[in-house]
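> Structure: data-v9.cif, mmCIF, C-alpha atoms.
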data_final
#
loop_
_atom_site.label_atom_id
_atom_site.label_comp_id
_atom_site.auth_asym_id
_atom_site.auth_seq_id
_atom_site.Cartn_x
_atom_site.Cartn_y
_atom_site.Cartn_z
CA MET A 1 -73.17 35.23 81.02
CA ALA A 2 -73.30 39.01 80.82
CA ARG A 3 -76.84 38.73 79.48
CA ASN A 4 -78.11 38.09 82.99
CA LYS A 5 -76.49 41.17 84.46
CA HIS A 6 -77.99 44.61 84.77
CA PRO A 7 -77.45 46.76 81.68
CA GLU A 8 -75.09 49.06 83.62
CA GLU A 9 -72.86 46.15 84.56
CA THR A 10 -72.85 44.95 80.95
CA VAL A 11 -71.80 48.40 79.80
CA ASN A 12 -69.06 48.56 82.43
CA LEU A 13 -67.82 45.11 81.42
CA ILE A 14 -67.68 46.17 77.76
CA LEU A 15 -65.81 49.35 78.67
CA ASP A 16 -63.29 47.62 80.92
CA VAL A 17 -62.55 44.90 78.39
CA SER A 18 -62.36 47.42 75.54
CA PHE A 19 -60.04 49.74 77.42
CA ARG A 20 -57.70 46.85 78.24
CA LEU A 21 -57.70 45.70 74.59
CA PHE A 22 -57.18 49.23 73.26
CA MET A 23 -54.16 49.42 75.56
CA GLU A 24 -52.76 46.02 74.69
CA LYS A 25 -53.36 46.01 70.94
CA GLY A 26 -53.93 49.66 70.17
CA TYR A 27 -57.32 51.11 69.24
CA GLU A 28 -56.76 50.77 65.50
CA HIS A 29 -55.91 47.08 65.79
CA THR A 30 -58.80 46.14 68.04
CA SER A 31 -61.97 44.94 66.31
CA ILE A 32 -65.47 44.59 67.72
CA GLN A 33 -64.86 40.85 67.21
CA ASP A 34 -61.80 41.03 69.52
CA ILE A 35 -63.92 42.71 72.16
CA ILE A 36 -66.62 40.03 71.85
CA HIS A 37 -64.01 37.26 72.17
CA ASN A 38 -63.03 38.72 75.52
CA LEU A 39 -66.52 39.19 76.86
CA GLY A 40 -67.21 35.54 77.63
CA GLY A 41 -70.32 34.83 75.65
CA LEU A 42 -71.81 38.26 75.08
CA SER A 43 -73.25 38.47 71.58
CA LYS A 44 -72.49 41.01 68.89
CA GLY A 45 -76.13 42.09 69.16
CA ALA A 46 -75.73 42.78 72.87
CA ILE A 47 -72.79 45.09 72.21
CA TYR A 48 -74.62 46.88 69.40
CA HIS A 49 -77.56 47.28 71.72
CA HIS A 50 -75.37 49.63 73.80
CA PHE A 51 -72.89 51.00 71.28
CA LYS A 52 -73.28 51.87 67.63
CA SER A 53 -69.60 51.42 66.76
CA LYS A 54 -66.11 50.85 68.08
CA GLU A 55 -65.65 54.60 68.11
CA ASP A 56 -68.73 54.89 70.31
CA ILE A 57 -67.09 52.51 72.77
CA LEU A 58 -63.95 54.64 72.74
CA VAL A 59 -66.02 57.75 73.45
CA ALA A 60 -67.65 55.97 76.40
CA VAL A 61 -64.26 54.81 77.67
CA THR A 62 -63.03 58.40 77.41
CA ASP A 63 -66.17 59.59 79.16
CA LYS A 64 -65.43 57.34 82.09
CA ILE A 65 -61.88 58.66 82.32
CA THR A 66 -63.20 62.22 81.99
CA GLU A 67 -65.53 61.62 84.91
CA GLU A 68 -62.58 60.62 87.06
CA SER A 69 -60.68 63.65 85.80
CA ASN A 70 -63.61 65.94 86.62
CA GLN A 71 -63.63 64.50 90.13
CA MET A 72 -59.99 65.58 90.50
CA LEU A 73 -60.80 69.03 89.10
CA LEU A 74 -63.67 69.34 91.56
CA VAL A 75 -61.52 68.51 94.56
CA ILE A 76 -58.91 71.12 93.61
CA ARG A 77 -61.52 73.73 92.68
CA ASP A 78 -63.18 73.39 96.06
CA ASN A 79 -60.00 73.18 98.14
CA PRO A 80 -60.29 76.00 100.70
CA ASN A 81 -56.53 76.20 101.33
CA LEU A 82 -55.30 77.31 97.90
CA ASN A 83 -55.54 80.65 96.11
CA GLY A 84 -56.57 80.86 92.45
CA LYS A 85 -53.08 80.68 91.00
CA GLU A 86 -52.12 77.75 93.24
CA LYS A 87 -55.25 75.88 92.14
CA LEU A 88 -54.39 76.35 88.47
CA LYS A 89 -50.90 75.02 89.10
CA ALA A 90 -52.33 72.08 91.09
CA ILE A 91 -54.66 71.23 88.20
CA PHE A 92 -51.86 71.08 85.64
CA LYS A 93 -49.67 69.07 87.98
CA GLU A 94 -52.41 66.59 88.83
CA SER A 95 -53.61 66.32 85.24
CA ILE A 96 -50.30 65.20 83.84
CA ASN A 97 -49.33 63.11 86.88
CA ARG A 98 -52.47 60.94 87.00
CA PRO A 99 -51.40 57.31 86.36
CA VAL A 100 -54.31 56.84 83.96
CA GLN A 101 -52.52 59.25 81.59
CA ASN A 102 -49.94 56.53 81.00
CA ASP A 103 -52.77 54.24 79.92
CA ILE A 104 -54.35 56.84 77.66
CA PHE A 105 -51.03 57.68 76.04
CA THR A 106 -50.39 53.98 75.61
CA VAL A 107 -53.67 53.59 73.73
CA ALA A 108 -52.65 56.70 71.74
CA PRO A 109 -55.86 56.90 69.73
CA ASN A 110 -55.38 58.57 66.37
CA PHE A 111 -57.70 61.55 66.46
CA TYR A 112 -57.41 62.11 62.74
CA ASN A 113 -59.13 58.79 62.23
CA ASN A 114 -61.57 59.48 65.05
CA PRO A 115 -63.34 62.75 64.29
CA LYS A 116 -66.00 61.96 66.86
CA LEU A 117 -63.41 61.68 69.58
CA LEU A 118 -61.76 64.94 68.62
CA PHE A 119 -65.12 66.70 68.64
CA TYR A 120 -65.89 65.17 71.99
CA LEU A 121 -62.63 66.50 73.40
CA LEU A 122 -63.15 69.96 71.87
CA HIS A 123 -66.68 70.09 73.21
CA ASP A 124 -65.70 68.84 76.66
CA THR A 125 -62.81 71.32 76.86
CA ILE A 126 -64.77 74.40 75.84
CA GLN A 127 -68.25 73.59 77.14
CA GLU A 128 -67.50 71.66 80.32
CA VAL A 129 -64.01 72.07 81.71
CA ALA A 130 -63.55 75.78 80.95
CA PRO A 131 -66.79 77.12 82.48
CA ASN A 132 -67.24 74.59 85.31
CA TYR A 133 -63.70 74.19 86.61
CA ILE A 134 -61.26 76.76 85.25
CA LEU A 135 -63.53 79.82 85.30
CA PRO A 136 -64.44 79.62 89.02
CA ILE A 137 -60.73 79.31 89.80
CA ILE A 138 -59.81 82.31 87.62
CA LYS A 139 -62.58 84.30 89.28
CA GLN A 140 -61.30 83.33 92.71
CA GLY A 141 -57.80 84.36 91.57
CA ILE A 142 -59.13 87.78 90.55
CA SER A 143 -60.74 88.18 93.99
CA ASP A 144 -57.71 87.03 95.97
CA GLY A 145 -55.34 89.08 93.79
CA SER A 146 -53.32 86.11 92.48
CA ILE A 147 -54.65 86.43 88.89
CA GLU A 148 -55.25 89.59 86.89
CA THR A 149 -57.49 89.72 83.83
CA ASP A 150 -60.49 91.64 82.56
CA TYR A 151 -61.72 88.61 80.60
CA PRO A 152 -62.01 85.63 82.95
CA GLU A 153 -64.25 83.59 80.61
CA GLN A 154 -61.93 83.96 77.64
CA LEU A 155 -58.76 83.42 79.65
CA SER A 156 -60.24 80.18 81.04
CA GLU A 157 -61.05 78.94 77.55
CA LEU A 158 -57.70 79.99 76.11
CA ILE A 159 -55.66 78.27 78.81
CA ILE A 160 -57.52 74.98 78.76
CA PHE A 161 -57.82 74.97 74.96
CA ILE A 162 -54.05 75.23 74.62
CA ALA A 163 -53.43 72.69 77.38
CA ASN A 164 -55.91 70.07 76.20
CA ILE A 165 -55.68 70.45 72.44
CA TRP A 166 -52.55 72.13 71.13
CA THR A 167 -50.03 70.62 73.54
CA ASN A 168 -51.71 67.21 73.31
CA PRO A 169 -49.39 64.79 71.47
CA LEU A 170 -52.39 62.54 70.90
CA ILE A 171 -53.89 65.19 68.63
CA PHE A 172 -50.87 66.87 67.11
CA ASP A 173 -48.10 64.45 66.41
CA SER A 174 -45.07 65.92 68.16
CA SER A 175 -41.61 64.59 68.84
CA VAL A 176 -40.49 64.49 72.47
CA ASP A 177 -38.49 67.68 71.98
CA GLU A 178 -41.37 69.44 70.26
CA SER A 179 -43.74 68.55 73.10
CA TYR A 180 -41.23 69.88 75.59
CA CYS A 181 -40.88 73.15 73.65
CA LYS A 182 -44.66 73.46 73.31
CA PHE A 183 -44.98 73.28 77.08
CA LYS A 184 -42.13 75.77 77.49
CA ILE A 185 -43.92 78.31 75.30
CA PHE A 186 -47.23 77.51 77.00
CA GLY A 187 -45.48 78.28 80.31
CA GLN A 188 -44.17 81.53 78.84
CA MET A 189 -47.69 82.42 77.66
CA LEU A 190 -49.05 81.80 81.17
CA LYS A 191 -46.24 83.93 82.64
CA GLY A 192 -47.40 86.74 80.33
CA PHE A 193 -50.68 86.58 82.25
CA GLY A 194 -48.79 86.63 85.54
CA LEU A 195 -49.17 82.87 85.97
CA ASP A 196 -45.79 81.37 86.73
CA ILE A 197 -47.07 77.83 87.19
CA ILE A 198 -45.27 75.45 84.81
CA ASP A 199 -42.18 74.05 86.53
CA GLU A 200 -39.34 71.75 85.45
CA GLU A 201 -40.92 68.74 87.13
CA MET A 202 -44.03 69.12 84.96
CA LEU A 203 -41.91 69.53 81.86
CA GLU A 204 -40.12 66.27 82.65
CA ARG A 205 -43.44 64.49 83.06
CA VAL A 206 -44.61 65.87 79.69
CA ARG A 207 -41.45 64.45 78.15
CA GLU A 208 -42.20 61.07 79.74
CA LEU A 209 -45.79 61.01 78.42
CA THR A 210 -44.67 61.92 74.93
CA VAL A 211 -42.15 59.09 74.94
CA ILE A 212 -44.95 56.67 75.86
CA CYS A 213 -47.18 58.11 73.14
CA GLN A 214 -44.47 57.97 70.47
CA LYS A 215 -43.69 54.34 71.28
CA ASN A 216 -47.28 53.35 70.63
CA LYS A 217 -48.04 55.32 67.52
CA MET B 1 -72.44 72.22 27.74
CA ALA B 2 -69.77 71.90 30.40
CA ARG B 3 -69.02 68.42 29.09
CA ASN B 4 -67.13 69.95 26.20
CA LYS B 5 -64.89 72.06 28.34
CA HIS B 6 -61.52 71.11 29.76
CA PRO B 7 -61.79 69.31 33.09
CA GLU B 8 -60.18 72.28 34.89
CA GLU B 9 -62.85 74.62 33.58
CA THR B 10 -65.58 72.18 34.62
CA VAL B 11 -64.12 72.03 38.12
CA ASN B 12 -63.91 75.83 38.32
CA LEU B 13 -67.51 76.13 37.13
CA ILE B 14 -68.67 73.66 39.79
CA LEU B 15 -66.73 75.54 42.47
CA ASP B 16 -68.00 78.98 41.46
CA VAL B 17 -71.62 77.84 41.28
CA SER B 18 -71.32 75.94 44.56
CA PHE B 19 -69.72 78.85 46.38
CA ARG B 20 -72.49 81.18 45.21
CA LEU B 21 -75.17 78.71 46.29
CA PHE B 22 -73.51 78.08 49.65
CA MET B 23 -73.57 81.83 50.19
CA GLU B 24 -77.14 82.33 49.03
CA LYS B 25 -78.78 79.30 50.62
CA GLY B 26 -76.24 78.25 53.22
CA TYR B 27 -74.13 75.13 52.92
CA GLU B 28 -76.52 72.96 54.92
CA HIS B 29 -79.45 73.88 52.69
CA THR B 30 -77.69 73.38 49.38
CA SER B 31 -78.01 69.94 47.80
CA ILE B 32 -75.95 68.37 45.03
CA GLN B 33 -79.20 68.59 43.04
CA ASP B 34 -79.30 72.39 43.56
CA ILE B 35 -75.76 72.63 42.26
CA ILE B 36 -76.64 70.54 39.19
CA HIS B 37 -79.69 72.73 38.49
CA ASN B 38 -77.36 75.73 38.26
CA LEU B 39 -74.74 74.10 36.08
CA GLY B 40 -76.69 74.28 32.84
CA GLY B 41 -76.80 70.65 31.75
CA LEU B 42 -73.90 69.09 33.60
CA SER B 43 -74.89 65.61 34.79
CA LYS B 44 -74.73 64.23 38.32
CA GLY B 45 -72.16 61.76 37.01
CA ALA B 46 -69.96 64.59 35.78
CA ILE B 47 -69.94 66.16 39.24
CA TYR B 48 -69.23 62.86 40.96
CA HIS B 49 -66.41 62.34 38.52
CA HIS B 50 -64.65 65.28 40.18
CA PHE B 51 -66.06 65.28 43.72
CA LYS B 52 -67.10 62.45 45.98
CA SER B 53 -69.56 64.52 48.02
CA LYS B 54 -70.90 67.97 48.78
CA GLU B 55 -68.34 68.20 51.57
CA ASP B 56 -65.61 67.49 49.02
CA ILE B 57 -66.84 70.45 47.01
CA LEU B 58 -66.74 72.63 50.12
CA VAL B 59 -63.17 71.53 50.78
CA ALA B 60 -62.22 72.45 47.21
CA VAL B 61 -63.97 75.82 47.53
CA THR B 62 -62.03 76.41 50.75
CA ASP B 63 -58.84 75.30 49.04
CA LYS B 64 -59.32 77.93 46.38
CA ILE B 65 -59.85 80.62 49.00
CA THR B 66 -56.82 79.33 50.91
CA GLU B 67 -54.70 79.65 47.79
CA GLU B 68 -55.67 83.30 47.54
CA SER B 69 -54.96 83.72 51.23
CA ASN B 70 -51.55 82.08 50.86
CA GLN B 71 -50.77 84.49 48.05
CA MET B 72 -51.42 87.37 50.46
CA LEU B 73 -49.25 85.72 53.14
CA LEU B 74 -46.48 85.30 50.60
CA VAL B 75 -46.51 88.95 49.59
CA ILE B 76 -46.27 90.12 53.21
CA ARG B 77 -43.67 87.49 54.15
CA ASP B 78 -41.41 88.61 51.29
CA ASN B 79 -41.96 92.36 51.72
CA PRO B 80 -38.44 93.82 52.18
CA ASN B 81 -39.67 96.99 53.92
CA LEU B 82 -41.19 95.49 57.11
CA ASN B 83 -39.57 93.99 60.18
CA GLY B 84 -40.83 90.72 61.70
CA LYS B 85 -43.28 92.28 64.11
CA GLU B 86 -44.70 94.61 61.44
CA LYS B 87 -45.21 91.63 59.12
CA LEU B 88 -47.15 89.73 61.79
CA LYS B 89 -49.38 92.74 62.34
CA ALA B 90 -49.86 93.16 58.58
CA ILE B 91 -50.89 89.51 58.29
CA PHE B 92 -53.60 89.80 60.94
CA LYS B 93 -54.83 93.07 59.47
CA GLU B 94 -54.98 91.74 55.92
CA SER B 95 -56.49 88.41 56.98
CA ILE B 96 -59.50 89.91 58.64
CA ASN B 97 -59.90 92.74 56.14
CA ARG B 98 -60.01 90.63 52.98
CA PRO B 99 -63.46 91.07 51.38
CA VAL B 100 -63.73 87.32 50.79
CA GLN B 101 -64.00 86.94 54.59
CA ASN B 102 -67.46 88.50 54.36
CA ASP B 103 -68.41 85.76 51.90
CA ILE B 104 -66.95 82.98 54.04
CA PHE B 105 -68.67 84.27 57.16
CA THR B 106 -71.89 84.55 55.18
CA VAL B 107 -71.66 80.88 54.20
CA ALA B 108 -70.88 80.18 57.88
CA PRO B 109 -70.29 76.45 57.40
CA ASN B 110 -71.01 74.44 60.52
CA PHE B 111 -67.74 72.71 61.31
CA TYR B 112 -69.36 70.35 63.78
CA ASN B 113 -71.27 68.84 60.88
CA ASN B 114 -68.22 68.97 58.64
CA PRO B 115 -65.44 67.08 60.37
CA LYS B 116 -63.47 66.92 57.14
CA LEU B 117 -63.47 70.67 56.86
CA LEU B 118 -62.33 71.12 60.45
CA PHE B 119 -59.52 68.64 59.90
CA TYR B 120 -58.58 70.43 56.74
CA LEU B 121 -58.35 73.73 58.59
CA LEU B 122 -56.39 72.20 61.48
CA HIS B 123 -54.01 70.54 59.06
CA ASP B 124 -53.59 73.65 56.93
CA THR B 125 -52.98 75.82 60.01
CA ILE B 126 -50.37 73.59 61.64
CA GLN B 127 -48.73 71.97 58.62
CA GLU B 128 -48.82 74.75 56.03
CA VAL B 129 -49.39 78.23 57.40
CA ALA B 130 -47.29 77.94 60.58
CA PRO B 131 -44.06 76.57 59.02
CA ASN B 132 -44.25 78.26 55.61
CA TYR B 133 -45.48 81.75 56.46
CA ILE B 134 -45.41 82.51 60.20
CA LEU B 135 -42.13 80.79 61.10
CA PRO B 136 -39.94 82.68 58.58
CA ILE B 137 -41.44 85.94 59.86
CA ILE B 138 -40.80 85.02 63.51
CA LYS B 139 -37.23 84.07 62.59
CA GLN B 140 -36.76 87.39 60.82
CA GLY B 141 -38.17 89.12 63.92
CA ILE B 142 -35.61 87.34 66.09
CA SER B 143 -32.80 88.52 63.76
CA ASP B 144 -34.00 92.12 63.51
CA GLY B 145 -34.71 92.30 67.25
CA SER B 146 -38.44 92.95 66.93
CA ILE B 147 -39.46 89.52 68.32
CA GLU B 148 -37.92 87.63 71.22
CA THR B 149 -38.39 83.89 71.75
CA ASP B 150 -36.28 80.77 72.18
CA TYR B 151 -38.93 78.63 70.48
CA PRO B 152 -39.78 80.13 67.07
CA GLU B 153 -41.45 76.95 65.73
CA GLN B 154 -43.76 76.60 68.71
CA LEU B 155 -44.56 80.29 68.94
CA SER B 156 -45.53 80.26 65.23
CA GLU B 157 -47.87 77.34 65.79
CA LEU B 158 -49.35 78.74 68.96
CA ILE B 159 -50.15 82.14 67.44
CA ILE B 160 -51.74 80.85 64.27
CA PHE B 161 -53.56 78.03 66.07
CA ILE B 162 -55.25 80.53 68.36
CA ALA B 163 -55.96 82.97 65.51
CA ASN B 164 -57.37 80.41 63.05
CA ILE B 165 -59.13 78.00 65.39
CA TRP B 166 -59.99 79.35 68.82
CA THR B 167 -60.98 82.87 67.82
CA ASN B 168 -62.83 81.59 64.74
CA PRO B 169 -66.59 82.10 65.23
CA LEU B 170 -67.17 79.58 62.44
CA ILE B 171 -65.72 76.87 64.67
CA PHE B 172 -66.65 77.98 68.15
CA ASP B 173 -70.03 79.62 68.29
CA SER B 174 -69.42 82.99 69.95
CA SER B 175 -71.60 86.02 70.47
CA VAL B 176 -70.32 89.31 69.09
CA ASP B 177 -69.13 90.34 72.56
CA GLU B 178 -67.45 87.01 73.18
CA SER B 179 -65.57 87.24 69.88
CA TYR B 180 -64.44 90.73 70.80
CA CYS B 181 -63.22 89.56 74.21
CA LYS B 182 -61.46 86.56 72.66
CA PHE B 183 -59.50 88.91 70.42
CA LYS B 184 -58.76 91.17 73.36
CA ILE B 185 -57.24 88.30 75.33
CA PHE B 186 -55.44 87.07 72.19
CA GLY B 187 -53.97 90.59 71.91
CA GLN B 188 -52.94 90.43 75.57
CA MET B 189 -51.32 87.05 74.97
CA LEU B 190 -49.35 88.47 72.03
CA LYS B 191 -48.31 91.44 74.17
CA GLY B 192 -46.92 88.96 76.70
CA PHE B 193 -44.57 87.85 73.91
CA GLY B 194 -43.68 91.49 73.21
CA LEU B 195 -46.04 91.63 70.22
CA ASP B 196 -48.27 94.66 70.55
CA ILE B 197 -50.03 94.13 67.22
CA ILE B 198 -53.81 93.91 67.75
CA ASP B 199 -55.34 97.39 67.51
CA GLU B 200 -58.84 98.79 67.94
CA GLU B 201 -59.46 98.88 64.19
CA MET B 202 -58.89 95.12 63.97
CA LEU B 203 -61.17 94.55 66.96
CA GLU B 204 -63.94 96.48 65.24
CA ARG B 205 -63.53 94.39 62.10
CA VAL B 206 -63.75 91.19 64.19
CA ARG B 207 -66.99 92.49 65.63
CA GLU B 208 -68.29 93.14 62.11
CA LEU B 209 -67.40 89.62 60.90
CA THR B 210 -69.04 88.01 63.93
CA VAL B 211 -72.24 89.96 63.25
CA ILE B 212 -72.25 88.61 59.67
CA CYS B 213 -71.59 85.08 60.94
CA GLN B 214 -74.31 85.24 63.62
CA LYS B 215 -76.88 86.49 61.11
CA ASN B 216 -76.33 83.47 58.90
CA LYS B 217 -76.16 80.72 61.48
#
As structure tokens - that is how I would like this structure written.

Amino acid sequence: MARNKHPEETVNLILDVSFRLFMEKGYEHTSIQDIIHNLGGLSKGAIYHHFKSKEDILVAVTDKITEESNQMLLVIRDNPNLNGKEKLKAIFKESINRPVQNDIFTVAPNFYNNPKLLFYLLHDTIQEVAPNYILPIIKQGISDGSIETDYPEQLSELIIFIANIWTNPLIFDSSVDESYCKFKIFGQMLKGFGLDIIDEEMLERVRELTVICQKNK
Amino acid sequence: MARNKHPEETVNLILDVSFRLFMEKGYEHTSIQDIIHNLGGLSKGAIYHHFKSKEDILVAVTDKITEESNQMLLVIRDNPNLNGKEKLKAIFKESINRPVQNDIFTVAPNFYNNPKLLFYLLHDTIQEVAPNYILPIIKQGISDGSIETDYPEQLSELIIFIANIWTNPLIFDSSVDESYCKFKIFGQMLKGFGLDIIDEEMLERVRELTVICQKNK
């Protein structure tokens, strides 16, 4: 049936079905064959026309989620009512509170078996998120006096690199307590830069996400 | 000729020749065939008996360098004349001053094309260096009053993760100025934890290493 649709709709169908299967069965235990079974008549060839591998599908699924995430970052970045520091805090709060995080942490892809995905995340963090979303906020913070640094580019990278990579239980296997402590020390690091923005509510949410992730690993 | 040697000597010969070639020609431009040509009669089969791929050889070369690095870490960790903070400073100083760093930065392996190598470095940083070398020093620092933190495990990881991965121009392509600024902000981060250990001499050496790395990329 999907053969008659526009290519974009076919791609979206593949991504939706794959994401659901990754969540239900786990990425490792989902095969291309499983995805085909759930696509109602789409052939293996049709999938391989759009994606080279299962990992490629996962990257595209992640891309879609990233787009939604970037939309959130954009809204906060361009909010005229917050100063730089408040925007940074809003970003961390929103990032961990988005419901889709539960889904991602349920899929709990193993990055060690998915080098492409890890590279994608590294690239996205350093090349996209840092310069396009965090940097303008840090620069605003310097102007409005809420953030103090002589190295806005590097501070942007450092903060988002730690937040997206090191504290990410999907990348570095951490127990619930370890994740909590990682965020505590991340909060302390931010405080060292005058950024008192990690609160107890966020720490509790981190704990919750790590529990979800641990359950599904 | 190498066929008659003990396997360990054959492996060492392969590693020495490979390291020299990687430095002279660059890793990307060195083929297994090049390595064979320089091994004086060792067959392709003999190499593949020990290493599955060129990347495997690079990992083994890195392993050998890491062993030497760990030896240095060990000596500083067990030095009875330094307090915790002084040991941390000594580690950073020694790490960037070791002459072999010039060689590594001359090889300038591209981690984006060598996922295995990146994973190796991530694994070594988080699973080996942080718990075995940095953590005991942080704990000593807590005891002797030179370091203050409630989360010694996480602080150890955070510090060495930033030092080995984020500030590493082999992983994240940085201009000389960017590398300098990254180390400046890393120094500021450490200061936030009461660790005033990055000095101008180290910053100059970082600049020097980045110049070597840039030249060979």
> For chain B, list the residues within 8 Å of chain A, counting all atoms listed in the file, and write the list as a ChimeraX atom specification.
/B:112,115,119,151,154-155,158,161,166,178,181-182,185,189,191-193
> For the residues selected in the previous step, produce a file with C-alpha atoms as a PDB file, in the coordinates of the input.

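Full text of selection-v5.pdb as output:
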ATOM      1  CA  TYR B 112     -69.360  70.350  63.780  1.00  0.00           C
ATOM      2  CA  PRO B 115     -65.440  67.080  60.370  1.00  0.00           C
ATOM      3  CA  PHE B 119     -59.520  68.640  59.900  1.00  0.00           C
ATOM      4  CA  TYR B 151     -38.930  78.630  70.480  1.00  0.00           C
ATOM      5  CA  GLN B 154     -43.760  76.600  68.710  1.00  0.00           C
ATOM      6  CA  LEU B 155     -44.560  80.290  68.940  1.00  0.00           C
ATOM      7  CA  LEU B 158     -49.350  78.740  68.960  1.00  0.00           C
ATOM      8  CA  PHE B 161     -53.560  78.030  66.070  1.00  0.00           C
ATOM      9  CA  TRP B 166     -59.990  79.350  68.820  1.00  0.00           C
ATOM     10  CA  GLU B 178     -67.450  87.010  73.180  1.00  0.00           C
ATOM     11  CA  CYS B 181     -63.220  89.560  74.210  1.00  0.00           C
ATOM     12  CA  LYS B 182     -61.460  86.560  72.660  1.00  0.00           C
ATOM     13  CA  ILE B 185     -57.240  88.300  75.330  1.00  0.00           C
ATOM     14  CA  MET B 189     -51.320  87.050  74.970  1.00  0.00           C
ATOM     15  CA  LYS B 191     -48.310  91.440  74.170  1.00  0.00           C
ATOM     16  CA  GLY B 192     -46.920  88.960  76.700  1.00  0.00           C
ATOM     17  CA  PHE B 193     -44.570  87.850  73.910  1.00  0.00           C
TER      18      PHE B 193
END
> Identify, on the basis of all atoms listed in the file, every residue whose closest approach to Glu208 (chain A) does not exceed 10 Å; exclude the query and any residue fewer than 4 positions from it along the same chain; express the result as an MDAnalysis selection string.
chainID A and resid 96 102 176 180 202:204 212:213
> List the residues matched by the PyMOL selection byres ((chain B and resi 70) around 12) in the displayed structure as a ChimeraX atom specification, ordered by chain and then by residue number.
/B:62-69,71-77,91,94-95,124-125,128-130,132-134
> Can you work out the spacing between CA of Leu82 (chain A) and CA of Asp196 (chain A) in Å, to one decimal?
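Separation between CA of Leu82 (chain A) and CA of Asp196 (chain A): 15.2 Å.
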> Could you list, as a PDB file with C-alpha atoms, in the frame of the given file, every residue matched by the PyMOL selection byres ((chain B and resi 12-29) around 7) in this structure?

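Output (expr.pdb):
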ATOM      1  CA  GLU B   8     -60.180  72.280  34.890  1.00  0.00           C
ATOM      2  CA  GLU B   9     -62.850  74.620  33.580  1.00  0.00           C
ATOM      3  CA  THR B  10     -65.580  72.180  34.620  1.00  0.00           C
ATOM      4  CA  VAL B  11     -64.120  72.030  38.120  1.00  0.00           C
ATOM      5  CA  THR B  30     -77.690  73.380  49.380  1.00  0.00           C
ATOM      6  CA  SER B  31     -78.010  69.940  47.800  1.00  0.00           C
ATOM      7  CA  ILE B  35     -75.760  72.630  42.260  1.00  0.00           C
ATOM      8  CA  ASN B  38     -77.360  75.730  38.260  1.00  0.00           C
ATOM      9  CA  ILE B  57     -66.840  70.450  47.010  1.00  0.00           C
ATOM     10  CA  VAL B  61     -63.970  75.820  47.530  1.00  0.00           C
ATOM     11  CA  ASP B 103     -68.410  85.760  51.900  1.00  0.00           C
ATOM     12  CA  THR B 106     -71.890  84.550  55.180  1.00  0.00           C
ATOM     13  CA  VAL B 107     -71.660  80.880  54.200  1.00  0.00           C
ATOM     14  CA  PRO B 109     -70.290  76.450  57.400  1.00  0.00           C
TER      15      PRO B 109
END
> Write out as an NGL selection string which residues come within 7 Å of region 136-145 of chain A when counting only C-alpha atoms, dropping same-chain ones fewer than 5 positions away.
:A and (77 or 83-85 or 87 or 152 or 156)
> May I have the centre and edge lengths, in Å to one decimal, of an axis-aligned box around the listed atoms of region 207-216 of chain A with 8 Å added to every side, as JSON?

{"center_x": -44.4, "center_y": 58.9, "center_z": 75.1, "size_x": 21.8, "size_y": 27.1, "size_z": 25.3}
> Have a look at B:Asp199, B:Glu148, B:Asp173, B:Asp56 and name the one nearest to Ile32 (chain B); count all atoms listed in the file.
B:Asp56
> To verify the selection step, state as an mmCIF file with C-alpha atoms, keeping the file's coordinate frame which residues the PyMOL selection byres ((chain A and resi 41-44) around 10) yields on this input.

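Written out: part_6.cif:
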data_model
loop_
_atom_site.group_PDB
_atom_site.id
_atom_site.type_symbol
_atom_site.label_atom_id
_atom_site.label_comp_id
_atom_site.auth_asym_id
_atom_site.auth_seq_id
_atom_site.Cartn_x
_atom_site.Cartn_y
_atom_site.Cartn_z
ATOM 1 C CA MET A 1 -73.170 35.230 81.020
ATOM 2 C CA ALA A 2 -73.300 39.010 80.820
ATOM 3 C CA ARG A 3 -76.840 38.730 79.480
ATOM 4 C CA THR A 10 -72.850 44.950 80.950
ATOM 5 C CA ILE A 14 -67.680 46.170 77.760
ATOM 6 C CA ILE A 32 -65.470 44.590 67.720
ATOM 7 C CA GLN A 33 -64.860 40.850 67.210
ATOM 8 C CA ILE A 35 -63.920 42.710 72.160
ATOM 9 C CA ILE A 36 -66.620 40.030 71.850
ATOM 10 C CA HIS A 37 -64.010 37.260 72.170
ATOM 11 C CA ASN A 38 -63.030 38.720 75.520
ATOM 12 C CA LEU A 39 -66.520 39.190 76.860
ATOM 13 C CA GLY A 40 -67.210 35.540 77.630
ATOM 14 C CA GLY A 45 -76.130 42.090 69.160
ATOM 15 C CA ALA A 46 -75.730 42.780 72.870
ATOM 16 C CA ILE A 47 -72.790 45.090 72.210
ATOM 17 C CA TYR A 48 -74.620 46.880 69.400
ATOM 18 C CA HIS A 49 -77.560 47.280 71.720
#
